[in-house]
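entry-v2.cif follows (mmCIF, C-alpha atoms and all ligand atoms):
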data_query
loop_
_atom_site.label_atom_id
_atom_site.label_comp_id
_atom_site.auth_asym_id
_atom_site.auth_seq_id
_atom_site.Cartn_x
_atom_site.Cartn_y
_atom_site.Cartn_z
CA MET Q 1 11.81 28.70 8.62
CA ASN Q 2 8.27 27.30 8.80
CA ALA Q 3 7.70 23.79 7.54
CA THR Q 4 5.80 23.37 4.25
CA PRO Q 5 2.03 23.88 4.80
CA ALA Q 6 0.26 20.59 5.23
CA PRO Q 7 -2.50 19.47 2.90
CA MET Q 8 -5.54 18.38 4.88
CA PRO Q 9 -7.61 15.36 3.91
CA ALA Q 10 -10.13 16.18 1.17
CA VAL Q 11 -12.73 13.94 2.81
CA ASN Q 12 -14.33 14.04 6.30
CA PRO Q 13 -11.21 13.74 8.48
CA TRP Q 14 -13.14 12.02 11.30
CA LEU Q 15 -14.31 9.12 9.15
CA PRO Q 16 -11.94 6.26 8.30
CA ARG Q 17 -11.95 5.20 4.63
CA MET Q 18 -11.52 1.48 4.07
CA PHE Q 19 -8.28 0.23 2.54
CA ARG Q 20 -7.37 -3.34 1.60
CA ILE Q 21 -4.02 -4.92 2.43
CA ALA Q 22 -2.53 -5.58 -1.00
CA GLU Q 23 0.80 -6.95 0.26
CA ILE Q 24 2.70 -7.48 3.50
CA ILE Q 25 6.48 -7.24 3.49
CA ALA Q 26 8.37 -8.72 6.46
CA GLU Q 27 11.12 -6.16 7.10
CA ILE Q 28 12.99 -6.83 10.34
CA PRO Q 29 11.96 -8.58 13.58
CA SER Q 30 8.54 -7.23 14.73
CA VAL Q 31 8.32 -4.81 11.78
CA ARG Q 32 6.25 -5.26 8.64
CA THR Q 33 5.30 -2.99 5.78
CA PHE Q 34 1.61 -3.04 4.90
CA ARG Q 35 0.93 -1.97 1.31
CA LEU Q 36 -2.61 -0.57 1.33
CA ALA Q 37 -4.94 0.02 -1.62
CA PRO Q 38 -8.16 2.05 -1.36
CA GLU Q 39 -11.46 0.17 -1.64
CA SER Q 40 -12.91 3.27 -3.38
CA ASP Q 41 -11.59 4.87 -6.56
CA GLU Q 42 -9.63 7.52 -4.61
CA THR Q 43 -5.96 8.09 -5.37
CA PRO Q 44 -4.16 8.57 -2.06
CA ASP Q 45 -2.62 12.04 -1.94
CA PHE Q 46 0.09 12.83 0.57
CA LEU Q 47 3.42 14.58 0.99
CA PRO Q 48 6.66 13.02 2.30
CA GLY Q 49 6.64 12.97 6.10
CA GLN Q 50 2.87 12.95 6.64
CA PHE Q 51 1.11 10.26 8.66
CA ASN Q 52 -2.24 8.46 8.74
CA MET Q 53 -4.34 7.21 11.62
CA VAL Q 54 -4.67 3.47 10.92
CA TYR Q 55 -7.90 2.07 12.37
CA LEU Q 56 -8.68 -1.52 13.21
CA PRO Q 57 -12.30 -2.06 14.32
CA GLY Q 58 -12.43 -3.48 17.84
CA TYR Q 59 -8.92 -2.27 18.69
CA GLY Q 60 -8.61 1.42 17.85
CA GLU Q 61 -6.26 3.69 15.94
CA ALA Q 62 -2.50 4.25 15.76
CA ALA Q 63 -0.58 7.08 14.08
CA ILE Q 64 1.62 5.58 11.37
CA SER Q 65 3.84 7.45 8.91
CA ILE Q 66 3.32 6.89 5.21
CA SER Q 67 6.52 5.13 4.18
CA SER Q 68 6.16 4.82 0.41
CA GLY Q 69 7.60 7.34 -1.96
CA SER Q 70 4.97 7.53 -4.63
CA HIS Q 71 1.22 7.35 -4.92
CA GLU Q 72 1.24 6.64 -8.63
CA LEU Q 73 0.29 3.02 -8.04
CA ARG Q 74 -2.70 4.03 -5.90
CA GLN Q 75 -1.08 2.35 -2.93
CA MET Q 76 0.44 3.57 0.31
CA ASP Q 77 2.98 1.76 2.47
CA HIS Q 78 2.89 1.85 6.28
CA THR Q 79 5.86 0.28 8.07
CA ILE Q 80 4.65 -0.85 11.47
CA ARG Q 81 6.39 -2.09 14.61
CA ALA Q 82 4.30 -4.26 16.94
CA VAL Q 83 4.34 -2.48 20.30
CA GLY Q 84 0.79 -2.34 21.72
CA ASP Q 85 -2.86 -3.25 21.21
CA VAL Q 86 -3.46 -1.81 17.75
CA THR Q 87 -0.12 -2.57 16.14
CA LYS Q 88 -0.01 -6.16 17.49
CA ALA Q 89 -3.54 -6.76 16.15
CA ILE Q 90 -2.55 -5.34 12.74
CA MET Q 91 0.31 -7.88 12.63
CA ARG Q 92 -2.29 -10.67 12.71
CA LEU Q 93 -3.93 -9.41 9.49
CA GLY Q 94 -3.23 -10.89 6.08
CA PRO Q 95 -3.46 -9.82 2.43
CA GLY Q 96 -7.07 -8.99 1.51
CA ASP Q 97 -8.00 -7.87 5.03
CA GLN Q 98 -9.21 -4.32 5.57
CA VAL Q 99 -8.10 -1.41 7.75
CA GLY Q 100 -9.54 2.10 8.08
CA ILE Q 101 -7.46 5.15 7.25
CA ARG Q 102 -7.90 8.75 8.42
CA GLY Q 103 -5.51 11.26 6.97
CA PRO Q 104 -3.05 12.28 5.73
CA PHE Q 105 -2.21 14.49 8.69
CA GLY Q 106 0.69 16.66 9.79
CA ASN Q 107 3.37 18.80 8.19
CA PRO Q 108 5.60 17.23 5.54
CA TRP Q 109 9.38 17.47 5.26
CA PRO Q 110 10.22 20.90 3.75
CA VAL Q 111 10.85 19.51 0.25
CA ALA Q 112 10.28 22.82 -1.55
CA ARG Q 113 13.12 24.40 0.47
CA LEU Q 114 15.60 21.67 -0.46
CA ARG Q 115 16.04 22.58 -4.15
CA GLY Q 116 19.64 23.47 -4.97
CA LYS Q 117 20.85 22.37 -1.54
CA ASP Q 118 22.84 19.50 -0.09
CA VAL Q 119 20.67 17.27 2.07
CA LEU Q 120 21.94 15.19 4.97
CA LEU Q 121 19.45 12.62 6.28
CA VAL Q 122 20.14 11.02 9.65
CA ALA Q 123 17.93 8.11 10.71
CA GLY Q 124 17.82 5.75 13.65
CA GLY Q 125 15.99 2.40 13.66
CA ILE Q 126 12.42 2.55 12.38
CA GLY Q 127 12.92 6.32 12.01
CA LEU Q 128 13.97 5.53 8.45
CA ALA Q 129 10.29 4.87 7.60
CA PRO Q 130 9.12 8.53 7.61
CA LEU Q 131 12.29 9.48 5.72
CA ARG Q 132 11.83 6.94 2.92
CA PRO Q 133 9.25 9.07 1.03
CA VAL Q 134 11.59 12.07 1.00
CA ILE Q 135 14.53 9.87 -0.06
CA GLU Q 136 12.44 8.59 -2.98
CA TYR Q 137 11.41 12.16 -3.86
CA LEU Q 138 15.00 13.43 -3.78
CA LEU Q 139 16.22 10.56 -5.94
CA GLN Q 140 13.37 10.88 -8.45
CA ASN Q 141 14.35 14.54 -8.87
CA ARG Q 142 18.09 13.95 -8.35
CA ARG Q 143 19.35 16.77 -10.59
CA GLU Q 144 17.57 19.43 -8.54
CA PHE Q 145 19.72 18.80 -5.46
CA GLY Q 146 23.38 18.92 -4.48
CA GLU Q 147 25.00 16.21 -2.43
CA LEU Q 148 22.57 13.71 -0.90
CA LYS Q 149 23.76 11.64 2.04
CA LEU Q 150 22.05 9.25 4.43
CA ILE Q 151 23.59 8.25 7.76
CA TYR Q 152 21.61 5.35 9.20
CA GLY Q 153 22.03 3.52 12.47
CA ALA Q 154 20.32 0.53 14.07
CA LYS Q 155 20.93 -1.61 17.13
CA THR Q 156 22.14 -4.65 15.16
CA PRO Q 157 22.69 -5.50 11.48
CA GLU Q 158 19.47 -7.53 11.37
CA GLU Q 159 17.51 -4.44 12.51
CA LEU Q 160 18.53 -2.32 9.51
CA LEU Q 161 15.29 -1.45 7.73
CA TYR Q 162 14.81 -1.51 3.91
CA GLN Q 163 18.23 -3.11 3.29
CA ARG Q 164 17.01 -4.52 -0.02
CA GLN Q 165 16.66 -0.94 -1.31
CA PHE Q 166 20.13 0.27 -0.38
CA PRO Q 167 21.83 -0.76 -3.67
CA ALA Q 168 19.14 1.01 -5.76
CA TRP Q 169 19.42 4.15 -3.63
CA ALA Q 170 23.20 4.16 -4.05
CA ILE Q 171 22.91 3.76 -7.85
CA ALA Q 172 20.37 6.61 -7.95
CA GLY Q 173 22.82 8.97 -6.26
CA LEU Q 174 22.44 8.64 -2.50
CA GLU Q 175 25.67 8.38 -0.55
CA MET Q 176 25.09 6.12 2.44
CA GLU Q 177 26.92 5.34 5.67
CA VAL Q 178 25.49 2.70 7.98
CA THR Q 179 26.36 1.92 11.57
CA VAL Q 180 25.15 -0.46 14.28
CA ASP Q 181 25.41 -0.45 18.06
CA ARG Q 182 26.39 -4.14 18.20
CA GLY Q 183 28.03 -5.93 15.28
CA THR Q 184 28.11 -9.63 14.44
CA SER Q 185 31.00 -11.77 13.17
CA ALA Q 186 29.74 -11.12 9.62
CA TRP Q 187 29.40 -7.34 10.07
CA LYS Q 188 32.22 -5.42 8.37
CA GLY Q 189 30.72 -1.95 8.72
CA HIS Q 190 30.97 0.77 11.33
CA ILE Q 191 30.07 0.17 14.98
CA GLY Q 192 28.99 3.17 17.01
CA VAL Q 193 26.45 5.98 17.04
CA VAL Q 194 25.33 7.97 13.99
CA THR Q 195 26.95 11.21 15.17
CA GLU Q 196 30.40 9.59 14.79
CA LEU Q 197 29.79 9.52 11.04
CA MET Q 198 28.70 13.16 10.76
CA ARG Q 199 31.13 15.55 9.10
CA PRO Q 200 30.73 18.57 6.84
CA LEU Q 201 29.35 17.76 3.39
CA HIS Q 202 31.44 18.91 0.42
CA GLY Q 203 29.23 21.90 -0.36
CA ALA Q 204 29.03 25.06 1.72
CA LYS Q 205 27.65 24.29 5.18
CA GLY Q 206 25.08 27.07 4.80
CA LYS Q 207 23.66 25.22 1.80
CA THR Q 208 22.95 22.01 3.70
CA THR Q 209 19.62 21.01 5.22
CA ILE Q 210 19.53 18.18 7.76
CA LEU Q 211 16.45 15.96 8.11
CA THR Q 212 16.48 13.59 11.07
CA CYS Q 213 14.13 10.99 12.51
CA GLY Q 214 14.71 8.41 15.21
CA PRO Q 215 14.69 8.20 19.00
CA GLU Q 216 14.39 11.69 20.45
CA ILE Q 217 17.70 11.45 22.27
CA MET Q 218 19.41 10.55 18.98
CA MET Q 219 17.89 13.59 17.27
CA ARG Q 220 19.11 15.84 20.09
CA PHE Q 221 22.66 14.56 19.71
CA VAL Q 222 22.43 14.86 15.90
CA ALA Q 223 21.36 18.50 16.25
CA ARG Q 224 24.10 19.22 18.78
CA GLU Q 225 26.79 17.62 16.59
CA ALA Q 226 25.51 19.44 13.49
CA ILE Q 227 25.68 22.80 15.28
CA ASN Q 228 29.21 21.95 16.53
CA LEU Q 229 30.20 21.19 12.92
CA GLY Q 230 28.99 24.64 11.88
CA TYR Q 231 25.64 23.80 10.33
CA ASP Q 232 22.82 26.32 10.66
CA ALA Q 233 20.43 25.25 13.47
CA GLY Q 234 17.50 26.62 11.45
CA GLU Q 235 18.31 24.12 8.68
CA ILE Q 236 17.84 21.12 10.98
CA TYR Q 237 14.39 19.46 10.87
CA VAL Q 238 13.28 16.81 13.37
CA SER Q 239 10.24 14.51 13.29
CA LEU Q 240 8.64 14.07 16.72
CA GLU Q 241 6.31 11.39 18.05
CA ARG Q 242 3.74 11.55 20.82
CA ASN Q 243 0.60 9.57 21.59
CA MET Q 244 -2.22 10.75 19.33
CA LYS Q 245 -5.97 10.62 19.35
CA CYS Q 246 -7.77 13.12 17.08
CA ALA Q 247 -4.71 14.00 14.91
CA MET Q 248 -6.32 17.38 14.20
CA GLY Q 249 -5.25 19.64 17.06
CA MET Q 250 -8.49 19.26 19.00
CA CYS Q 251 -8.07 16.78 21.86
CA GLY Q 252 -4.74 18.03 23.27
CA VAL Q 253 -3.32 14.52 23.77
CA CYS Q 254 -0.21 15.28 21.71
CA GLN Q 255 0.42 18.77 23.11
CA PHE Q 256 4.12 19.55 23.55
CA GLY Q 257 4.57 23.00 25.09
CA ARG Q 258 2.63 25.33 22.81
CA GLU Q 259 2.86 22.90 19.90
CA PHE Q 260 0.44 20.19 18.86
CA ILE Q 261 2.57 17.44 17.36
CA CYS Q 262 -0.28 16.28 15.10
CA LYS Q 263 -1.07 19.67 13.57
CA ASP Q 264 2.05 21.85 13.99
CA GLY Q 265 4.34 18.84 13.38
CA PRO Q 266 5.30 16.06 13.43
CA ILE Q 267 8.13 17.79 11.53
CA PHE Q 268 9.58 20.90 13.15
CA PRO Q 269 12.55 23.16 12.55
CA PHE Q 270 14.85 22.22 15.45
CA PRO Q 271 15.02 25.72 17.04
CA ARG Q 272 11.22 25.69 17.50
CA VAL Q 273 11.29 22.58 19.72
CA ALA Q 274 14.88 22.55 21.01
CA SER Q 275 14.05 23.79 24.52
CA LEU Q 276 11.17 21.31 24.84
CA MET Q 277 13.34 18.42 23.66
CA GLN Q 278 15.90 19.28 26.36
CA LEU Q 279 13.21 19.22 29.07
CA GLU Q 280 11.74 15.88 28.04
CA ASP Q 281 14.17 13.70 29.99
CA LEU Q 282 14.03 15.71 33.22
C1 LIG Z 1 3.44 11.11 13.78
C2 LIG Z 1 3.69 9.70 14.21
C3 LIG Z 1 4.15 8.78 13.29
C4 LIG Z 1 4.37 7.46 13.67
N1 LIG Z 1 4.82 6.58 12.72
C5 LIG Z 1 4.97 5.29 13.06
C6 LIG Z 1 5.39 4.34 12.08
O1 LIG Z 1 5.64 4.67 10.92
N2 LIG Z 1 5.49 3.04 12.46
C7 LIG Z 1 5.24 2.63 13.76
O2 LIG Z 1 5.36 1.44 14.04
N3 LIG Z 1 4.86 3.50 14.71
C8 LIG Z 1 4.71 4.82 14.39
N4 LIG Z 1 4.32 5.72 15.34
C9 LIG Z 1 4.14 5.26 16.73
C10 LIG Z 1 2.76 4.64 16.94
O3 LIG Z 1 1.74 5.56 16.65
C11 LIG Z 1 2.63 4.23 18.42
O4 LIG Z 1 3.62 3.28 18.74
C12 LIG Z 1 1.23 3.71 18.74
O5 LIG Z 1 0.95 3.99 20.08
C13 LIG Z 1 1.06 2.22 18.55
O6 LIG Z 1 -0.26 1.90 18.96
P1 LIG Z 1 -0.57 0.61 19.83
O7 LIG Z 1 -2.02 0.64 20.18
O8 LIG Z 1 -0.07 -0.58 19.12
O9 LIG Z 1 0.33 0.82 21.10
P2 LIG Z 1 -0.11 1.51 22.48
O10 LIG Z 1 -0.92 0.51 23.22
O11 LIG Z 1 -0.68 2.86 22.19
O12 LIG Z 1 1.29 1.78 23.19
C14 LIG Z 1 2.29 0.83 23.38
C15 LIG Z 1 3.45 1.46 24.13
O13 LIG Z 1 4.07 2.49 23.34
C16 LIG Z 1 4.01 3.77 24.03
N5 LIG Z 1 3.73 4.75 23.01
C17 LIG Z 1 2.58 4.93 22.37
N6 LIG Z 1 2.70 5.88 21.43
C18 LIG Z 1 3.97 6.31 21.48
C19 LIG Z 1 4.69 7.26 20.74
N7 LIG Z 1 4.14 7.95 19.75
N8 LIG Z 1 5.99 7.45 21.06
C20 LIG Z 1 6.57 6.75 22.04
N9 LIG Z 1 5.92 5.80 22.76
C21 LIG Z 1 4.64 5.60 22.49
C22 LIG Z 1 2.92 3.63 25.03
O14 LIG Z 1 3.12 4.48 26.12
C23 LIG Z 1 3.03 2.15 25.41
O15 LIG Z 1 4.08 1.95 26.32
C24 LIG Z 1 4.12 7.04 15.00
C25 LIG Z 1 3.65 7.98 15.93
C26 LIG Z 1 3.45 9.29 15.55
C27 LIG Z 1 2.95 10.26 16.55
S1 LIG Z 2 -3.85 14.21 18.70
FE1 LIG Z 2 -5.48 15.48 19.37
S2 LIG Z 2 -4.52 17.40 19.50
FE2 LIG Z 2 -3.01 16.19 18.58
#
Produce structure tokens that represent the structure in this file.
Amino acid sequence: MNATPAPMPAVNPWLPRMFRIAEIIAEIPSVRTFRLAPESDETPDFLPGQFNMVYLPGYGEAAISISSGSHELRQMDHTIRAVGDVTKAIMRLGPGDQVGIRGPFGNPWPVARLRGKDVLLVAGGIGLAPLRPVIEYLLQNRREFGELKLIYGAKTPEELLYQRQFPAWAIAGLEMEVTVDRGTSAWKGHIGVVTELMRPLHGAKGKTTILTCGPEIMMRFVAREAINLGYDAGEIYVSLERNMKCAMGMCGVCQFGREFICKDGPIFPFPRVASLMQLEDL
């Protein structure tokens, strides 16, 4: 039931390595993807679901998931929402500017355990970013898996991330259902929460693994609905977020019960964090 062991950075994990912004992609309001290329000859090595600490001199660091699916091009994507000091300052950067990177850190999605299984991915808002690498992995190795389905929800149609990739994902074999909280006159899709779209996949329920990322309350309801539908709680994986500092299990900033989100997570089998997730809102 443990998540796949995490590879640690091969270099000094305290020291940021400099990366250049190769491209900036405007995604949705306040969210941009920064395509980063190393200034050295390193080839970034990471697993789907891991994150980096992105460092901007004079501002500090922020934990950001790696959102690209492949490191073959020697580039890594980071999809960033402007919320505070570091992320707002990063938004002011342009192509050619530099940022520091520490990482990769954290446990990846349990990709090795997914072979031969159906996989249901449930994402909310910018929570699709940490799932994009595993979607790309599953689709690149499509024949190794059973049914692949993504249920994705956002507040409004204009806040649906990576929409330009949806047709390619569908062609590659990903079944998708999309929903929004508030539609527009042009919106013909579903309106409501992601759990309304959850139902048993065609394969045996015991053969399905659920990967979910989004607001914590959404993940709790996804887990509850999945268990009600008969899915195995141990086959539900959630990706948690907390403020981070060292990202290596040393400072305690991200401690969540007995777990350190940076080192033991951010991806956890749901039963391991279920009781803590219930307590969070009290
Ligand atoms: C493992 C992990 C992966 C992440 N991946 C991404 C990503 O792919 N893209 C992205 O945009 N952000 C991501 N985040 C969130 C990001 O690290 C925080 O939003 C970060 O604080 C932004 O730094 P800042 O200096 O801009 O904002 P800050 O000044 O640190 O904070 C701004 C506001 O956000 C709150 N806050 C800070 N961190 C968090 C958090 N982790 N969860 C909830 N509220 C928080 C603060 O309390 C404050 O109200 C991730 C966080 C973690 C732990
Ligand atoms: S961020 Fe320091 S222990 Fe997790």
> Using only C-alpha atoms, what residues lie at most 6 Å away from (2.4, 6.9, 1.7) (file coordinates), given as number ranges by chain?
Replying inline: Q: 66-68, 76-77
>> Need the shell around stretch 41-48 of chain Q: protein/DNA/RNA residues with any atom at most 12 Å away, counting all atoms listed in the file. Skip same-chain ones fewer than 5 positions apart. Format as an MDAnalysis selection string?
In response: chainID Q and resid 4:11 17:19 36 65:77 101:112 129:138 211 239 266:267
Limited to C-alpha atoms, could you put the picked residues into a file as a CSV table (one decimal), in the coordinates of the input?
chain,number,residue,atom,x,y,z
Q,4,THR,CA,5.8,23.4,4.2
Q,5,PRO,CA,2.0,23.9,4.8
Q,6,ALA,CA,0.3,20.6,5.2
Q,7,PRO,CA,-2.5,19.5,2.9
Q,8,MET,CA,-5.5,18.4,4.9
Q,9,PRO,CA,-7.6,15.4,3.9
Q,10,ALA,CA,-10.1,16.2,1.2
Q,11,VAL,CA,-12.7,13.9,2.8
Q,17,ARG,CA,-12.0,5.2,4.6
Q,18,MET,CA,-11.5,1.5,4.1
Q,19,PHE,CA,-8.3,0.2,2.5
Q,36,LEU,CA,-2.6,-0.6,1.3
Q,65,SER,CA,3.8,7.4,8.9
Q,66,ILE,CA,3.3,6.9,5.2
Q,67,SER,CA,6.5,5.1,4.2
Q,68,SER,CA,6.2,4.8,0.4
Q,69,GLY,CA,7.6,7.3,-2.0
Q,70,SER,CA,5.0,7.5,-4.6
Q,71,HIS,CA,1.2,7.4,-4.9
Q,72,GLU,CA,1.2,6.6,-8.6
Q,73,LEU,CA,0.3,3.0,-8.0
Q,74,ARG,CA,-2.7,4.0,-5.9
Q,75,GLN,CA,-1.1,2.4,-2.9
Q,76,MET,CA,0.4,3.6,0.3
Q,77,ASP,CA,3.0,1.8,2.5
Q,101,ILE,CA,-7.5,5.2,7.2
Q,102,ARG,CA,-7.9,8.8,8.4
Q,103,GLY,CA,-5.5,11.3,7.0
Q,104,PRO,CA,-3.0,12.3,5.7
Q,105,PHE,CA,-2.2,14.5,8.7
Q,106,GLY,CA,0.7,16.7,9.8
Q,107,ASN,CA,3.4,18.8,8.2
Q,108,PRO,CA,5.6,17.2,5.5
Q,109,TRP,CA,9.4,17.5,5.3
Q,110,PRO,CA,10.2,20.9,3.8
Q,111,VAL,CA,10.8,19.5,0.2
Q,112,ALA,CA,10.3,22.8,-1.6
Q,129,ALA,CA,10.3,4.9,7.6
Q,130,PRO,CA,9.1,8.5,7.6
Q,131,LEU,CA,12.3,9.5,5.7
Q,132,ARG,CA,11.8,6.9,2.9
Q,133,PRO,CA,9.2,9.1,1.0
Q,134,VAL,CA,11.6,12.1,1.0
Q,135,ILE,CA,14.5,9.9,-0.1
Q,136,GLU,CA,12.4,8.6,-3.0
Q,137,TYR,CA,11.4,12.2,-3.9
Q,138,LEU,CA,15.0,13.4,-3.8
Q,211,LEU,CA,16.4,16.0,8.1
Q,239,SER,CA,10.2,14.5,13.3
Q,266,PRO,CA,5.3,16.1,13.4
Q,267,ILE,CA,8.1,17.8,11.5
Closest atom pairs, residues of chain Q within 6 Å of ligand LIG 2 (chain Z), all atoms listed in the file, as a Markdown table:
| residue | atom | partner | partner_atom | distance |
| --- | --- | --- | --- | --- |
| Q:Met244 | CA | Z:LIG2 | S1 | 3.9 |
| Q:Lys245 | CA | Z:LIG2 | S1 | 4.2 |
| Q:Cys246 | CA | Z:LIG2 | FE1 | 4.0 |
| Q:Ala247 | CA | Z:LIG2 | S1 | 3.9 |
| Q:Met248 | CA | Z:LIG2 | FE1 | 5.6 |
| Q:Gly249 | CA | Z:LIG2 | S2 | 3.4 |
| Q:Met250 | CA | Z:LIG2 | S2 | 4.4 |
| Q:Cys251 | CA | Z:LIG2 | FE1 | 3.8 |
| Q:Gly252 | CA | Z:LIG2 | S2 | 3.8 |
| Q:Val253 | CA | Z:LIG2 | FE1 | 5.0 |
| Q:Cys254 | CA | Z:LIG2 | FE2 | 4.3 |
| Q:Phe260 | CA | Z:LIG2 | FE2 | 5.3 |
| Q:Ile261 | CA | Z:LIG2 | FE2 | 5.8 |
| Q:Cys262 | CA | Z:LIG2 | FE2 | 4.4 |
> Rounded to one decimal in Å, what is the spacing between atom CA of Q:Gly94 and atom CA of Q:Trp169?
Replying inline: 28.9 Å
Centre and edges of the stretch 186-193 of chain Q box, axis-aligned, 5 Å extra per side, as lines of an AutoDock Vina configuration file:
center_x = 29.3
center_y = -2.6
center_z = 12.7
size_x = 15.8
size_y = 27.1
size_z = 18.7
